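Structure data follow from start37.pdb (PDB, C-alpha atoms):
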MODEL        1
ATOM      1  CA  MET A   1      17.093 -11.277 -11.099
ATOM      2  CA  ALA A   2      15.182 -11.344  -7.832
ATOM      3  CA  ILE A   3      15.508  -8.652  -5.208
ATOM      4  CA  SER A   4      16.177  -9.900  -1.697
ATOM      5  CA  ARG A   5      14.497  -8.839   1.516
ATOM      6  CA  ASP A   6      17.776  -7.235   2.626
ATOM      7  CA  GLU A   7      17.893  -5.186  -0.595
ATOM      8  CA  VAL A   8      14.313  -3.995  -0.039
ATOM      9  CA  LEU A   9      15.232  -2.972   3.507
ATOM     10  CA  HIS A  10      18.374  -1.215   2.260
ATOM     11  CA  VAL A  11      16.412   0.795  -0.319
ATOM     12  CA  ALA A  12      13.792   1.632   2.313
ATOM     13  CA  GLN A  13      16.546   2.862   4.633
ATOM     14  CA  LEU A  14      18.031   5.041   1.862
ATOM     15  CA  ALA A  15      14.570   6.500   1.238
ATOM     16  CA  ARG A  16      14.085   6.907   4.988
ATOM     17  CA  LEU A  17      10.978   4.721   4.958
ATOM     18  CA  ALA A  18       9.861   2.723   7.968
ATOM     19  CA  LEU A  19       8.218  -0.405   6.555
ATOM     20  CA  THR A  20       6.276  -3.132   8.312
ATOM     21  CA  ASP A  21       7.100  -6.770   7.546
ATOM     22  CA  GLU A  22       3.954  -6.950   5.405
ATOM     23  CA  GLU A  23       5.047  -3.877   3.402
ATOM     24  CA  VAL A  24       8.535  -5.311   2.896
ATOM     25  CA  GLU A  25       7.065  -8.526   1.478
ATOM     26  CA  ARG A  26       4.554  -6.704  -0.739
ATOM     27  CA  LEU A  27       7.121  -4.207  -2.056
ATOM     28  CA  GLY A  28       9.614  -7.000  -2.635
ATOM     29  CA  GLY A  29       7.078  -8.770  -4.852
ATOM     30  CA  GLN A  30       6.265  -5.540  -6.707
ATOM     31  CA  LEU A  31       9.934  -4.719  -7.256
ATOM     32  CA  ASN A  32      10.574  -8.244  -8.548
ATOM     33  CA  ALA A  33       7.692  -7.839 -11.026
ATOM     34  CA  ILE A  34       9.204  -4.555 -12.240
ATOM     35  CA  LEU A  35      12.641  -6.130 -12.631
ATOM     36  CA  GLU A  36      11.145  -9.027 -14.617
ATOM     37  CA  ALA A  37       9.361  -6.606 -16.958
ATOM     38  CA  VAL A  38      12.550  -4.595 -17.504
ATOM     39  CA  ALA A  39      14.557  -7.781 -18.072
ATOM     40  CA  LYS A  40      12.332  -8.589 -21.066
ATOM     41  CA  VAL A  41      13.917  -5.638 -22.897
ATOM     42  CA  SER A  42      17.257  -7.448 -22.852
ATOM     43  CA  GLU A  43      15.646 -10.254 -24.872
ATOM     44  CA  LEU A  44      14.975  -7.896 -27.796
ATOM     45  CA  ASP A  45      17.326  -7.401 -30.737
ATOM     46  CA  LEU A  46      18.029  -3.687 -30.511
ATOM     47  CA  SER A  47      21.156  -3.645 -32.684
ATOM     48  CA  ASP A  48      19.425  -1.471 -35.319
ATOM     49  CA  VAL A  49      17.935   0.956 -32.804
ATOM     50  CA  GLU A  50      19.857   4.196 -32.457
ATOM     51  CA  PRO A  51      20.505   5.335 -28.871
ATOM     52  CA  THR A  52      18.419   8.315 -27.807
ATOM     53  CA  SER A  53      18.216  10.499 -24.753
ATOM     54  CA  HIS A  54      14.510  11.163 -25.281
ATOM     55  CA  PRO A  55      11.858   9.325 -27.322
ATOM     56  CA  LEU A  56      10.469  12.529 -28.862
ATOM     57  CA  ASP A  57      12.149  15.384 -30.689
ATOM     58  CA  LEU A  58      12.324  18.277 -28.269
ATOM     59  CA  VAL A  59      11.899  21.817 -29.473
ATOM     60  CA  ASN A  60      12.462  24.940 -27.436
ATOM     61  CA  VAL A  61       9.017  26.449 -26.939
ATOM     62  CA  TRP A  62      10.225  29.799 -25.634
ATOM     63  CA  GLY A  63       9.954  32.874 -27.791
ATOM     64  CA  ASP A  64      12.887  35.027 -28.792
ATOM     65  CA  ASP A  65      14.473  37.010 -26.003
ATOM     66  CA  GLU A  66      13.836  40.598 -27.013
ATOM     67  CA  PRO A  67      14.331  43.668 -24.840
ATOM     68  CA  ARG A  68      11.213  45.529 -23.762
ATOM     69  CA  PRO A  69      10.363  48.168 -21.171
ATOM     70  CA  SER A  70      10.167  46.910 -17.598
ATOM     71  CA  LEU A  71       7.365  47.614 -15.135
ATOM     72  CA  PRO A  72       7.163  51.132 -13.763
ATOM     73  CA  LEU A  73       8.657  51.289 -10.261
ATOM     74  CA  ASP A  74       5.347  52.117  -8.557
ATOM     75  CA  GLU A  75       3.648  49.160 -10.242
ATOM     76  CA  ALA A  76       6.492  46.766  -9.369
ATOM     77  CA  LEU A  77       6.360  47.805  -5.696
ATOM     78  CA  ALA A  78       2.558  48.121  -5.494
ATOM     79  CA  ASN A  79       2.118  44.981  -3.354
ATOM     80  CA  ALA A  80       5.210  45.444  -1.202
ATOM     81  CA  PRO A  81       4.250  45.474   2.483
ATOM     82  CA  GLU A  82       7.019  47.999   3.098
ATOM     83  CA  ARG A  83       9.246  49.962   0.777
ATOM     84  CA  GLU A  84      12.133  52.304   1.189
ATOM     85  CA  GLY A  85      12.767  54.557  -1.744
ATOM     86  CA  GLY A  86      12.783  52.411  -4.853
ATOM     87  CA  PHE A  87      13.391  49.140  -2.976
ATOM     88  CA  PHE A  88      11.501  46.445  -1.057
ATOM     89  CA  ARG A  89      12.107  46.857   2.663
ATOM     90  CA  VAL A  90      12.713  43.524   4.393
ATOM     91  CA  PRO A  91      13.538  42.643   7.993
ATOM     92  CA  ALA A  92      17.242  42.535   8.847
ATOM     93  CA  GLY A  93      18.705  39.163   9.461
TER      94      GLY A  93
ENDMDL
END

Mind converting the file's structure to structure tokens?
Amino acid sequence: MAISRDEVLHVAQLARLALTDEEVERLGGQLNAILEAVAKVSELDLSDVEPTSHPLDLVNVWGDDEPRPSLPLDEALANAPEREGGFFRVPAG
């Protein structure tokens, strides 16, 4: 499956890219090479391959969510440019 010049221009327009004629030709050739490489996958017998959403087993790396004391108010507001009581003071608007 070859990608046409019009398709390259359409994709460039969607991506809001202004391409020169030389860039359109070069990118067209590169996109065609990518499509040819991907098309080779369809030649493989994948009937015994189970569908996956990710090639590796994913494991949640976060620790358990356990309650703990929060920062003291003065420490939490230490770098605030302005504060009002126990709050950050920000410009209105």

Within 10 Å of segment 17-21 of chain A: each segment 25-92 of chain A residue with its shortest pair, only C-alpha atoms, as CSV:
residue,atom,partner,partner_atom,distance
A:Glu25,CA,A:Asp21,CA,6.3
A:Arg26,CA,A:Asp21,CA,8.7
A:Leu27,CA,A:Leu19,CA,9.5

(request) Give me the result of the PyMOL selection byres ((chain A and resi 86-89) around 12) on this file, residue by residue, as number ranges by chain. (result) A: 72-85, 90-92

(request) Kindly give the distance, in Å, that separates atom CA of Ala33 of chain A and atom CA of Ser47 of chain A, rounded to a single decimal. (result) 25.8 Å

Padding 6 Å on each side, edges along x, y and z: where is the centre of the box around the listed atoms of segment 64-81 of chain A, and how long are its edges in Å to one decimal? Output it as lines of an AutoDock Vina configuration file.
center_x = 8.3
center_y = 43.6
center_z = -13.2
size_x = 24.4
size_y = 29.1
size_z = 43.3

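Non-sequential neighbours of Gln30 of chain A (distance at most 12 Å, separation of 6 or more positions within a chain, all atoms listed in the file) are Ala2, Ile3, Ser4, Val8, Glu23, Val24, Glu36 and Ala37 of chain A.
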
(request) Mind giving me the straight-line distance from atom CA of Val49 of chain A to atom CA of Ile34 of chain A in Å, one decimal? (result)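 Separation between atom CA of Val49 of chain A and atom CA of Ile34 of chain A: 23.0 Å.
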
(request) Work out how far apart atom CA of Gln13 of chain A and atom CA of Leu31 of chain A are and give it in Å to one decimal. (result)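 About the pair atom CA of Gln13 of chain A and atom CA of Leu31 of chain A: they are 15.6 Å apart.
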